[in-house]
Amino acid sequence: MKVVFMGTPEFALEALKALSTEHEILAVYTKEPKISGRGNKLVKTPIHIWAESHGVEVRTPKTLRQEEEQKKFAALNADIAVVAAYGLILPRPILDAYPLGCINIHASLLPRWRGAAPIQRCIEAGDKKSGVTIMQVAEGLDTGDMLMKGEVTITPQTTGGDLHDKLAQLGAELVVKTLNNIDKIIPEKQDDALSCYAAKVEKEESNIDFMMPAAQLCRKIMAFSPYPAIFFEHNGERFKILRANLAKNENIPTGNVLQKGLQLFIGASDGAIEITEIQRQGKKAMSTVELLRGYQF
RNA sequence: CGCGGGGUAGAGCAGCCCGGUAGCUUACCAGGCUCAUAACCUGGGGGUCGGAGGUUCAAAUCCUCCCCCCGCAA
């Protein structure tokens, strides 16, 4: 099939790679390079870099609202467009440009967790499973008809990063499968009554909230690990918490950070958590045991 | 030129400002003590102090350039 791929972050890359092995990628749409990172350098998206190194045309319009862009899109004459965390809204003319329309790879079991940050929000909420939904793109936010789903389980040890990687992989497999069976798949409507929204992750959220119940704090830490990561401040330094679990038998005052031998605890509102993986500012991530060999709280 | 931290024994850190051939914790090895819930005591091995120049009688420590890692901001 002739495919136009639209995506931006790392999450989309697996899908693009998988599609490229079985289908023809006519062009790639991605966000334009932006000033980012140390030194404020112009950084291209992972999709952009991959496409360039594989000789695929890259397009980086700021918006698809203009008729001119829409015509250029349609002129590619693809069979279908595959979208994965692209970041731009697709207007009607784009959705209707190709015979098979646009399908999206969404990192949740829709209709649960529509929106921007399904990976983090489902762990934070304590869901026992998550997955990927391949769906038709509609005008509403992640409301289109579903074509295919795949599940993965979430354990208390699953971090946002772990889930991200698994879902990216799963999404890649499913989207290929979807394209190969597109004529046999019967689209399934979403039950709006079961939907919920995964709010964008805001910067302020990564500042630790000691008033949270311990269990919830743990989930949030795992959900936000490794990025953006929950942090606390101590001795004027910032420490990212990358992994934590409930500390049942510890009684630590809310908001206190307590070192006990080679263990590190933090008091939440109704109990304590033990930090097991941590990153001191300016340092690499390491197990708490390693840090405590040389650093005293 | 966005702001900043760091690269020192296997691991984690101190020392650097106020130059004088390196220290702590842990791990490892040996011996001792002994049933200790981070067991303890004694002894021991292990380091081109990221790389290259420079200043100096002398540089991990001061100066210059380079490489690598990371936090913040966006």
# chains A, B, ... in the order shown; residues from 1 in each chain; ligands from 1
call {"tool": "residues_around", "arguments": {"residues": "Ile105 of chain A", "least_positions_apart": "4", "cutoff": "8 Å", "atoms": "only C-alpha atoms (C1' of nucleotides)", "output": "MDAnalysis selection string"}}
result
chainID A and resid 82:85 132:135 171 175
call {"tool": "write_last_selection", "arguments": {"atoms": "N, CA, C and O atoms", "output": "short mmCIF file (atom, residue, chain, number, x, y, z; two decimals), in the first residue's frame"}}
result
data_model
loop_
_atom_site.label_atom_id
_atom_site.label_comp_id
_atom_site.auth_asym_id
_atom_site.auth_seq_id
_atom_site.Cartn_x
_atom_site.Cartn_y
_atom_site.Cartn_z
N VAL A 82 -1.23 7.08 7.98
CA VAL A 82 -1.12 6.50 9.32
C VAL A 82 -0.59 7.59 10.25
O VAL A 82 0.45 8.19 9.98
N VAL A 83 -1.33 7.82 11.34
CA VAL A 83 -0.98 8.88 12.27
C VAL A 83 -0.56 8.27 13.60
O VAL A 83 -1.19 7.34 14.09
N ALA A 84 0.49 8.78 14.19
CA ALA A 84 0.91 8.33 15.51
C ALA A 84 1.54 9.50 16.26
O ALA A 84 2.65 9.90 15.96
N ALA A 85 0.79 10.04 17.20
CA ALA A 85 1.32 11.14 18.01
C ALA A 85 1.95 12.21 17.13
O ALA A 85 3.10 12.57 17.29
N VAL A 132 -3.02 -0.80 23.04
CA VAL A 132 -2.98 0.08 21.89
C VAL A 132 -4.27 -0.11 21.11
O VAL A 132 -4.78 -1.22 21.01
N THR A 133 -4.81 0.98 20.61
CA THR A 133 -5.98 0.90 19.75
C THR A 133 -5.65 1.53 18.40
O THR A 133 -5.13 2.64 18.35
N ILE A 134 -5.90 0.77 17.35
CA ILE A 134 -5.78 1.33 16.01
C ILE A 134 -7.17 1.79 15.63
O ILE A 134 -8.14 1.04 15.76
N MET A 135 -7.29 3.02 15.21
CA MET A 135 -8.62 3.60 14.99
C MET A 135 -8.65 4.53 13.79
O MET A 135 -7.63 5.02 13.34
N GLY A 171 2.03 -1.22 18.99
CA GLY A 171 1.36 -0.37 18.02
C GLY A 171 1.90 -0.60 16.62
O GLY A 171 1.14 -0.64 15.64
N VAL A 175 -0.52 -1.95 13.65
CA VAL A 175 -0.87 -1.08 12.53
C VAL A 175 -0.55 -1.78 11.21
O VAL A 175 -1.27 -1.65 10.22
#
call {"tool": "select_by_dssp", "arguments": {"residues": "segment 24-222 of chain A", "states": "helix (DSSP H, G or I)", "output": "PDB file with C-alpha atoms, in the first residue's frame"}}
result
ATOM      1  CA  PRO A  46      13.041  11.185  15.560  1.00  0.00           C
ATOM      2  CA  ILE A  47      10.704  10.665  12.627  1.00  0.00           C
ATOM      3  CA  HIS A  48      12.385  13.428  10.679  1.00  0.00           C
ATOM      4  CA  ILE A  49      15.834  11.959  11.247  1.00  0.00           C
ATOM      5  CA  TRP A  50      14.797   8.458  10.302  1.00  0.00           C
ATOM      6  CA  ALA A  51      13.023   9.574   7.144  1.00  0.00           C
ATOM      7  CA  GLU A  52      15.966  11.653   6.029  1.00  0.00           C
ATOM      8  CA  SER A  53      18.401   8.827   6.451  1.00  0.00           C
ATOM      9  CA  GLU A  67      -5.941  24.811   1.570  1.00  0.00           C
ATOM     10  CA  GLU A  68      -2.571  24.845  -0.062  1.00  0.00           C
ATOM     11  CA  GLU A  69      -1.153  22.321   2.421  1.00  0.00           C
ATOM     12  CA  GLN A  70      -4.229  20.180   2.048  1.00  0.00           C
ATOM     13  CA  LYS A  71      -3.805  20.079  -1.697  1.00  0.00           C
ATOM     14  CA  LYS A  72      -0.172  19.101  -1.392  1.00  0.00           C
ATOM     15  CA  PHE A  73      -1.241  16.351   0.983  1.00  0.00           C
ATOM     16  CA  ALA A  74      -3.893  15.054  -1.377  1.00  0.00           C
ATOM     17  CA  ARG A  92     -11.785  17.319   7.330  1.00  0.00           C
ATOM     18  CA  PRO A  93     -10.146  17.717   3.904  1.00  0.00           C
ATOM     19  CA  ILE A  94      -7.110  15.850   5.178  1.00  0.00           C
ATOM     20  CA  LEU A  95      -9.225  13.064   6.648  1.00  0.00           C
ATOM     21  CA  PRO A 118      -2.620   7.959  28.114  1.00  0.00           C
ATOM     22  CA  ILE A 119       0.547   6.111  29.095  1.00  0.00           C
ATOM     23  CA  GLN A 120       1.195   8.107  32.244  1.00  0.00           C
ATOM     24  CA  ARG A 121      -2.418   8.490  33.249  1.00  0.00           C
ATOM     25  CA  CYS A 122      -3.299   4.823  33.158  1.00  0.00           C
ATOM     26  CA  ILE A 123      -0.409   3.872  35.425  1.00  0.00           C
ATOM     27  CA  GLU A 124      -1.143   6.770  37.705  1.00  0.00           C
ATOM     28  CA  GLY A 160       5.873   4.964  32.123  1.00  0.00           C
ATOM     29  CA  GLY A 161       8.994   4.323  30.108  1.00  0.00           C
ATOM     30  CA  ASP A 162       8.475   0.570  30.149  1.00  0.00           C
ATOM     31  CA  LEU A 163       4.895   0.910  29.033  1.00  0.00           C
ATOM     32  CA  HIS A 164       5.809   3.449  26.373  1.00  0.00           C
ATOM     33  CA  ASP A 165       8.284   1.048  24.820  1.00  0.00           C
ATOM     34  CA  LYS A 166       5.920  -1.905  24.936  1.00  0.00           C
ATOM     35  CA  LEU A 167       3.064   0.038  23.427  1.00  0.00           C
ATOM     36  CA  ALA A 168       5.225   1.527  20.711  1.00  0.00           C
ATOM     37  CA  GLN A 169       6.232  -1.989  19.730  1.00  0.00           C
ATOM     38  CA  LEU A 170       2.709  -3.328  19.953  1.00  0.00           C
ATOM     39  CA  GLY A 171       1.362  -0.366  18.016  1.00  0.00           C
ATOM     40  CA  ALA A 172       3.819  -1.035  15.240  1.00  0.00           C
ATOM     41  CA  GLU A 173       2.747  -4.670  14.957  1.00  0.00           C
ATOM     42  CA  LEU A 174      -0.944  -3.854  15.067  1.00  0.00           C
ATOM     43  CA  VAL A 175      -0.867  -1.077  12.531  1.00  0.00           C
ATOM     44  CA  VAL A 176       0.846  -3.313  10.025  1.00  0.00           C
ATOM     45  CA  LYS A 177      -1.694  -6.026  10.727  1.00  0.00           C
ATOM     46  CA  THR A 178      -4.480  -3.517  10.314  1.00  0.00           C
ATOM     47  CA  LEU A 179      -3.260  -2.366   6.925  1.00  0.00           C
ATOM     48  CA  ASN A 180      -2.861  -5.919   5.730  1.00  0.00           C
ATOM     49  CA  ASP A 192     -18.592   7.400  24.869  1.00  0.00           C
ATOM     50  CA  ALA A 193     -20.048   6.537  28.266  1.00  0.00           C
ATOM     51  CA  LEU A 194     -16.899   4.579  29.095  1.00  0.00           C
ATOM     52  CA  LYS A 203       5.479  20.542  34.570  1.00  0.00           C
ATOM     53  CA  GLU A 204       4.181  21.461  38.019  1.00  0.00           C
ATOM     54  CA  GLU A 205       3.024  17.880  38.493  1.00  0.00           C
ATOM     55  CA  SER A 206       6.528  16.565  38.731  1.00  0.00           C
ATOM     56  CA  ALA A 214       1.599   6.744  49.719  1.00  0.00           C
ATOM     57  CA  ALA A 215       0.082   4.289  47.246  1.00  0.00           C
ATOM     58  CA  GLN A 216      -0.952   7.046  44.883  1.00  0.00           C
ATOM     59  CA  LEU A 217       2.419   8.727  45.162  1.00  0.00           C
ATOM     60  CA  CYS A 218       4.119   5.473  44.204  1.00  0.00           C
ATOM     61  CA  ARG A 219       1.938   5.097  41.166  1.00  0.00           C
ATOM     62  CA  LYS A 220       2.623   8.630  40.087  1.00  0.00           C
ATOM     63  CA  ILE A 221       6.357   8.146  40.515  1.00  0.00           C
ATOM     64  CA  MET A 222       6.263   5.018  38.371  1.00  0.00           C
TER      65      MET A 222
END
call {"tool": "closest_atom_pairs", "arguments": {"of": "chain A", "to": "chain B", "cutoff": "6 Å", "atoms": "only C-alpha atoms (C1' of nucleotides)", "output": "JSON lines"}}
result
{"residue": "A:Gly261", "atom": "CA", "partner": "B:A38", "partner_atom": "C1'", "distance": 5.5}
{"residue": "A:Gln281", "atom": "CA", "partner": "B:G71", "partner_atom": "C1'", "distance": 4.5}
{"residue": "A:Gly282", "atom": "CA", "partner": "B:C70", "partner_atom": "C1'", "distance": 4.1}
{"residue": "A:Lys283", "atom": "CA", "partner": "B:C70", "partner_atom": "C1'", "distance": 4.9}
{"residue": "A:Lys284", "atom": "CA", "partner": "B:C70", "partner_atom": "C1'", "distance": 6.0}
{"residue": "A:Glu290", "atom": "CA", "partner": "B:G12", "partner_atom": "C1'", "distance": 5.2}
{"residue": "A:Leu291", "atom": "CA", "partner": "B:G12", "partner_atom": "C1'", "distance": 5.3}
{"residue": "A:Arg293", "atom": "CA", "partner": "B:G12", "partner_atom": "C1'", "distance": 4.9}
{"residue": "A:Gly294", "atom": "CA", "partner": "B:C13", "partner_atom": "C1'", "distance": 3.9}
{"residue": "A:Tyr295", "atom": "CA", "partner": "B:C13", "partner_atom": "C1'", "distance": 6.0}
call {"tool": "residues_around", "arguments": {"residues": "U61 of chain B", "least_positions_apart": "5", "cutoff": "12 Å", "atoms": "only C-alpha atoms (C1' of nucleotides)", "output": "JSON, numbers by chain"}}
result
{"B": [8, 15, 16, 17, 18, 19, 20, 22, 49]}
call {"tool": "select_by_dssp", "arguments": {"residues": "segment 31-220 of chain A", "states": "strand (DSSP E or B)", "output": "PDB file with N, CA, C and O atoms, in the first residue's frame"}}
result
ATOM      1  N   LYS A  34      12.763  22.078  16.249  1.00  0.00           N
ATOM      2  CA  LYS A  34      12.602  23.220  17.148  1.00  0.00           C
ATOM      3  C   LYS A  34      13.843  23.417  18.007  1.00  0.00           C
ATOM      4  O   LYS A  34      14.654  22.512  18.175  1.00  0.00           O
ATOM      5  N   ILE A  35      13.968  24.631  18.507  1.00  0.00           N
ATOM      6  CA  ILE A  35      15.074  24.970  19.411  1.00  0.00           C
ATOM      7  C   ILE A  35      14.859  24.166  20.673  1.00  0.00           C
ATOM      8  O   ILE A  35      13.822  24.268  21.300  1.00  0.00           O
ATOM      9  N   SER A  36      15.823  23.361  21.028  1.00  0.00           N
ATOM     10  CA  SER A  36      15.625  22.490  22.169  1.00  0.00           C
ATOM     11  C   SER A  36      16.936  21.970  22.716  1.00  0.00           C
ATOM     12  O   SER A  36      17.968  22.014  22.058  1.00  0.00           O
ATOM     13  N   LYS A  41      19.941  24.094  20.611  1.00  0.00           N
ATOM     14  CA  LYS A  41      20.169  23.753  19.213  1.00  0.00           C
ATOM     15  C   LYS A  41      18.852  23.393  18.527  1.00  0.00           C
ATOM     16  O   LYS A  41      17.890  23.027  19.176  1.00  0.00           O
ATOM     17  N   LEU A  42      18.870  23.486  17.222  1.00  0.00           N
ATOM     18  CA  LEU A  42      17.708  23.115  16.433  1.00  0.00           C
ATOM     19  C   LEU A  42      17.671  21.592  16.346  1.00  0.00           C
ATOM     20  O   LEU A  42      18.599  20.973  15.828  1.00  0.00           O
ATOM     21  N   VAL A  43      16.615  20.999  16.860  1.00  0.00           N
ATOM     22  CA  VAL A  43      16.555  19.542  16.917  1.00  0.00           C
ATOM     23  C   VAL A  43      15.431  18.995  16.037  1.00  0.00           C
ATOM     24  O   VAL A  43      14.295  19.430  16.117  1.00  0.00           O
ATOM     25  N   VAL A  58      10.350  14.494   3.670  1.00  0.00           N
ATOM     26  CA  VAL A  58       9.886  14.981   4.966  1.00  0.00           C
ATOM     27  C   VAL A  58       9.150  16.301   4.773  1.00  0.00           C
ATOM     28  O   VAL A  58       9.631  17.194   4.084  1.00  0.00           O
ATOM     29  N   ARG A  59       7.993  16.399   5.377  1.00  0.00           N
ATOM     30  CA  ARG A  59       7.251  17.660   5.323  1.00  0.00           C
ATOM     31  C   ARG A  59       6.958  18.119   6.746  1.00  0.00           C
ATOM     32  O   ARG A  59       6.552  17.315   7.586  1.00  0.00           O
ATOM     33  N   ILE A  80      -3.639   5.532   2.104  1.00  0.00           N
ATOM     34  CA  ILE A  80      -4.024   5.765   3.486  1.00  0.00           C
ATOM     35  C   ILE A  80      -2.954   6.597   4.193  1.00  0.00           C
ATOM     36  O   ILE A  80      -1.789   6.598   3.785  1.00  0.00           O
ATOM     37  N   ALA A  81      -3.379   7.302   5.229  1.00  0.00           N
ATOM     38  CA  ALA A  81      -2.414   7.999   6.075  1.00  0.00           C
ATOM     39  C   ALA A  81      -2.426   7.341   7.444  1.00  0.00           C
ATOM     40  O   ALA A  81      -3.493   7.039   7.976  1.00  0.00           O
ATOM     41  N   VAL A  82      -1.228   7.078   7.982  1.00  0.00           N
ATOM     42  CA  VAL A  82      -1.125   6.505   9.320  1.00  0.00           C
ATOM     43  C   VAL A  82      -0.588   7.592  10.248  1.00  0.00           C
ATOM     44  O   VAL A  82       0.449   8.189   9.977  1.00  0.00           O
ATOM     45  N   VAL A  83      -1.329   7.818  11.337  1.00  0.00           N
ATOM     46  CA  VAL A  83      -0.976   8.879  12.267  1.00  0.00           C
ATOM     47  C   VAL A  83      -0.564   8.275  13.604  1.00  0.00           C
ATOM     48  O   VAL A  83      -1.192   7.338  14.088  1.00  0.00           O
ATOM     49  N   ALA A  84       0.494   8.782  14.194  1.00  0.00           N
ATOM     50  CA  ALA A  84       0.913   8.326  15.514  1.00  0.00           C
ATOM     51  C   ALA A  84       1.543   9.497  16.256  1.00  0.00           C
ATOM     52  O   ALA A  84       2.654   9.900  15.956  1.00  0.00           O
ATOM     53  N   CYS A 102      -7.612   8.229   7.226  1.00  0.00           N
ATOM     54  CA  CYS A 102      -6.468   8.297   8.136  1.00  0.00           C
ATOM     55  C   CYS A 102      -6.738   7.376   9.318  1.00  0.00           C
ATOM     56  O   CYS A 102      -7.818   7.397   9.900  1.00  0.00           O
ATOM     57  N   ILE A 103      -5.738   6.568   9.657  1.00  0.00           N
ATOM     58  CA  ILE A 103      -5.890   5.766  10.867  1.00  0.00           C
ATOM     59  C   ILE A 103      -4.823   6.180  11.866  1.00  0.00           C
ATOM     60  O   ILE A 103      -3.746   6.638  11.504  1.00  0.00           O
ATOM     61  N   ASN A 104      -5.176   6.030  13.136  1.00  0.00           N
ATOM     62  CA  ASN A 104      -4.326   6.514  14.213  1.00  0.00           C
ATOM     63  C   ASN A 104      -3.915   5.372  15.135  1.00  0.00           C
ATOM     64  O   ASN A 104      -4.675   4.430  15.351  1.00  0.00           O
ATOM     65  N   ILE A 105      -2.714   5.477  15.661  1.00  0.00           N
ATOM     66  CA  ILE A 105      -2.250   4.529  16.681  1.00  0.00           C
ATOM     67  C   ILE A 105      -2.362   5.239  18.014  1.00  0.00           C
ATOM     68  O   ILE A 105      -1.649   6.211  18.273  1.00  0.00           O
ATOM     69  N   HIS A 106      -3.251   4.760  18.867  1.00  0.00           N
ATOM     70  CA  HIS A 106      -3.429   5.426  20.156  1.00  0.00           C
ATOM     71  C   HIS A 106      -2.989   4.500  21.284  1.00  0.00           C
ATOM     72  O   HIS A 106      -3.342   3.325  21.308  1.00  0.00           O
ATOM     73  N   ARG A 114      -8.677   8.755  26.323  1.00  0.00           N
ATOM     74  CA  ARG A 114      -8.488   9.565  25.125  1.00  0.00           C
ATOM     75  C   ARG A 114      -7.587  10.730  25.525  1.00  0.00           C
ATOM     76  O   ARG A 114      -7.558  11.123  26.683  1.00  0.00           O
ATOM     77  N   GLY A 115      -6.869  11.265  24.568  1.00  0.00           N
ATOM     78  CA  GLY A 115      -6.103  12.467  24.874  1.00  0.00           C
ATOM     79  C   GLY A 115      -4.598  12.308  24.830  1.00  0.00           C
ATOM     80  O   GLY A 115      -4.074  11.343  24.284  1.00  0.00           O
ATOM     81  N   LYS A 129      -4.242  -2.991  33.282  1.00  0.00           N
ATOM     82  CA  LYS A 129      -3.831  -3.274  31.905  1.00  0.00           C
ATOM     83  C   LYS A 129      -3.965  -2.027  31.052  1.00  0.00           C
ATOM     84  O   LYS A 129      -4.686  -1.098  31.397  1.00  0.00           O
ATOM     85  N   SER A 130      -3.232  -2.039  29.982  1.00  0.00           N
ATOM     86  CA  SER A 130      -3.348  -0.970  29.006  1.00  0.00           C
ATOM     87  C   SER A 130      -3.199  -1.604  27.645  1.00  0.00           C
ATOM     88  O   SER A 130      -3.253  -2.823  27.530  1.00  0.00           O
ATOM     89  N   GLY A 131      -2.984  -0.803  26.641  1.00  0.00           N
ATOM     90  CA  GLY A 131      -2.848  -1.390  25.324  1.00  0.00           C
ATOM     91  C   GLY A 131      -2.800  -0.337  24.245  1.00  0.00           C
ATOM     92  O   GLY A 131      -2.563   0.836  24.508  1.00  0.00           O
ATOM     93  N   VAL A 132      -3.019  -0.803  23.042  1.00  0.00           N
ATOM     94  CA  VAL A 132      -2.985   0.078  21.886  1.00  0.00           C
ATOM     95  C   VAL A 132      -4.275  -0.106  21.110  1.00  0.00           C
ATOM     96  O   VAL A 132      -4.785  -1.219  21.010  1.00  0.00           O
ATOM     97  N   THR A 133      -4.807   0.975  20.605  1.00  0.00           N
ATOM     98  CA  THR A 133      -5.984   0.900  19.749  1.00  0.00           C
ATOM     99  C   THR A 133      -5.649   1.531  18.402  1.00  0.00           C
ATOM    100  O   THR A 133      -5.134   2.636  18.347  1.00  0.00           O
ATOM    101  N   ILE A 134      -5.902   0.770  17.354  1.00  0.00           N
ATOM    102  CA  ILE A 134      -5.780   1.327  16.010  1.00  0.00           C
ATOM    103  C   ILE A 134      -7.173   1.790  15.627  1.00  0.00           C
ATOM    104  O   ILE A 134      -8.140   1.039  15.757  1.00  0.00           O
ATOM    105  N   MET A 135      -7.291   3.019  15.208  1.00  0.00           N
ATOM    106  CA  MET A 135      -8.619   3.597  14.990  1.00  0.00           C
ATOM    107  C   MET A 135      -8.653   4.527  13.791  1.00  0.00           C
ATOM    108  O   MET A 135      -7.628   5.022  13.337  1.00  0.00           O
ATOM    109  N   GLN A 136      -9.843   4.716  13.319  1.00  0.00           N
ATOM    110  CA  GLN A 136     -10.073   5.673  12.252  1.00  0.00           C
ATOM    111  C   GLN A 136      -9.991   7.067  12.875  1.00  0.00           C
ATOM    112  O   GLN A 136     -10.516   7.282  13.967  1.00  0.00           O
ATOM    113  N   MET A 146     -12.996   2.123  16.126  1.00  0.00           N
ATOM    114  CA  MET A 146     -11.828   1.295  16.430  1.00  0.00           C
ATOM    115  C   MET A 146     -11.695   0.141  15.439  1.00  0.00           C
ATOM    116  O   MET A 146     -12.670  -0.482  15.044  1.00  0.00           O
ATOM    117  N   LEU A 147     -10.453  -0.143  15.047  1.00  0.00           N
ATOM    118  CA  LEU A 147     -10.206  -1.188  14.060  1.00  0.00           C
ATOM    119  C   LEU A 147      -9.527  -2.409  14.674  1.00  0.00           C
ATOM    120  O   LEU A 147      -9.763  -3.533  14.257  1.00  0.00           O
ATOM    121  N   MET A 148      -8.676  -2.185  15.630  1.00  0.00           N
ATOM    122  CA  MET A 148      -7.923  -3.300  16.206  1.00  0.00           C
ATOM    123  C   MET A 148      -7.355  -2.887  17.560  1.00  0.00           C
ATOM    124  O   MET A 148      -7.042  -1.728  17.777  1.00  0.00           O
ATOM    125  N   LYS A 149      -7.254  -3.865  18.455  1.00  0.00           N
ATOM    126  CA  LYS A 149      -6.730  -3.556  19.786  1.00  0.00           C
ATOM    127  C   LYS A 149      -5.731  -4.610  20.236  1.00  0.00           C
ATOM    128  O   LYS A 149      -5.780  -5.756  19.803  1.00  0.00           O
ATOM    129  N   GLY A 150      -4.844  -4.203  21.110  1.00  0.00           N
ATOM    130  CA  GLY A 150      -3.926  -5.155  21.718  1.00  0.00           C
ATOM    131  C   GLY A 150      -3.714  -4.743  23.160  1.00  0.00           C
ATOM    132  O   GLY A 150      -3.682  -3.553  23.460  1.00  0.00           O
ATOM    133  N   GLU A 151      -3.592  -5.740  24.036  1.00  0.00           N
ATOM    134  CA  GLU A 151      -3.455  -5.439  25.462  1.00  0.00           C
ATOM    135  C   GLU A 151      -2.068  -5.760  26.000  1.00  0.00           C
ATOM    136  O   GLU A 151      -1.391  -6.665  25.511  1.00  0.00           O
ATOM    137  N   VAL A 152      -1.687  -5.049  27.027  1.00  0.00           N
ATOM    138  CA  VAL A 152      -0.505  -5.416  27.810  1.00  0.00           C
ATOM    139  C   VAL A 152      -0.885  -5.239  29.278  1.00  0.00           C
ATOM    140  O   VAL A 152      -1.768  -4.462  29.592  1.00  0.00           O
ATOM    141  N   THR A 153      -0.214  -5.993  30.144  1.00  0.00           N
ATOM    142  CA  THR A 153      -0.544  -5.863  31.565  1.00  0.00           C
ATOM    143  C   THR A 153       0.399  -4.869  32.236  1.00  0.00           C
ATOM    144  O   THR A 153       1.536  -4.687  31.827  1.00  0.00           O
ATOM    145  N   GLU A 188     -15.488  -0.595  14.822  1.00  0.00           N
ATOM    146  CA  GLU A 188     -16.346  -0.676  15.998  1.00  0.00           C
ATOM    147  C   GLU A 188     -16.460   0.706  16.631  1.00  0.00           C
ATOM    148  O   GLU A 188     -15.456   1.371  16.855  1.00  0.00           O
ATOM    149  N   TYR A 197     -10.513  11.002  29.970  1.00  0.00           N
ATOM    150  CA  TYR A 197      -9.468  11.761  29.312  1.00  0.00           C
ATOM    151  C   TYR A 197      -8.150  11.739  30.047  1.00  0.00           C
ATOM    152  O   TYR A 197      -8.095  11.810  31.272  1.00  0.00           O
ATOM    153  N   ALA A 198      -7.107  11.610  29.290  1.00  0.00           N
ATOM    154  CA  ALA A 198      -5.752  11.606  29.850  1.00  0.00           C
ATOM    155  C   ALA A 198      -5.164  12.997  29.672  1.00  0.00           C
ATOM    156  O   ALA A 198      -4.646  13.335  28.618  1.00  0.00           O
ATOM    157  N   ASN A 207       6.727  18.105  40.592  1.00  0.00           N
ATOM    158  CA  ASN A 207       7.177  18.473  41.942  1.00  0.00           C
ATOM    159  C   ASN A 207       6.415  17.589  42.927  1.00  0.00           C
ATOM    160  O   ASN A 207       5.193  17.551  42.925  1.00  0.00           O
TER     161      ASN A 207
END
call {"tool": "residues_around", "arguments": {"residues": "Asp191 of chain A", "least_positions_apart": "5", "cutoff": "10 Å", "atoms": "only C-alpha atoms (C1' of nucleotides)", "output": "CSV table (one decimal) with N, CA and C atoms, in the first residue's frame"}}
result
chain,number,residue,atom,x,y,z
A,110,LEU,N,-9.0,2.3,24.0
A,110,LEU,CA,-10.1,3.2,23.9
A,110,LEU,C,-11.4,2.5,24.2
A,111,PRO,N,-12.4,3.2,24.6
A,111,PRO,CA,-12.5,4.6,24.8
A,111,PRO,C,-11.8,5.2,26.1
A,112,ARG,N,-11.2,4.3,26.9
A,112,ARG,CA,-10.5,4.8,28.0
A,112,ARG,C,-9.3,5.5,27.6
A,143,THR,N,-11.9,10.0,19.0
A,143,THR,CA,-13.3,9.4,19.1
A,143,THR,C,-13.6,8.5,17.9
A,145,ASP,N,-13.8,5.4,15.0
A,145,ASP,CA,-14.1,4.0,15.2
A,145,ASP,C,-12.9,3.2,15.3
call {"tool": "closest_residue", "arguments": {"among": "A:Ile266, A:Ile230, A:Ala285, A:Ala272", "to": "Lys248 of chain A", "atoms": "only C-alpha atoms"}}
result
A:Ala272
call {"tool": "residues_around", "arguments": {"residues": "Arg238 of chain A", "least_positions_apart": "2", "cutoff": "8 Å", "atoms": "only C-alpha atoms (C1' of nucleotides)", "output": "short mmCIF file (atom, residue, chain, number, x, y, z; two decimals) with N, CA and C atoms (P, O5', C5', C4', C3', O3' and C1' of nucleotides), in the first residue's frame"}}
result
data_model
loop_
_atom_site.label_atom_id
_atom_site.label_comp_id
_atom_site.auth_asym_id
_atom_site.auth_seq_id
_atom_site.Cartn_x
_atom_site.Cartn_y
_atom_site.Cartn_z
N PHE A 231 10.17 14.78 41.40
CA PHE A 231 11.39 15.14 42.11
C PHE A 231 11.11 15.79 43.45
N PHE A 232 12.11 15.79 44.31
CA PHE A 232 12.02 16.56 45.55
C PHE A 232 13.35 17.31 45.72
N GLU A 233 13.36 18.28 46.61
CA GLU A 233 14.58 19.05 46.82
C GLU A 233 15.14 18.75 48.20
N HIS A 234 16.45 18.69 48.27
CA HIS A 234 17.11 18.40 49.53
C HIS A 234 18.49 19.03 49.48
N GLY A 236 19.23 21.92 48.81
CA GLY A 236 19.34 22.78 47.65
C GLY A 236 19.57 22.05 46.34
N LYS A 240 15.56 13.37 41.35
CA LYS A 240 14.45 12.74 40.65
C LYS A 240 14.23 11.35 41.25
N ARG A 280 20.40 12.16 41.19
CA ARG A 280 20.80 13.43 41.76
C ARG A 280 21.03 14.39 40.59
N GLN A 281 20.74 15.64 40.80
CA GLN A 281 20.89 16.59 39.69
C GLN A 281 22.32 16.61 39.18
P G B 71 19.05 14.70 32.80
"O5'" G B 71 19.14 15.88 33.87
"C5'" G B 71 18.85 15.62 35.24
"C4'" G B 71 18.87 16.93 36.01
"C3'" G B 71 18.00 18.04 35.44
"O3'" G B 71 16.66 17.92 35.85
"C1'" G B 71 20.14 18.89 35.90
#
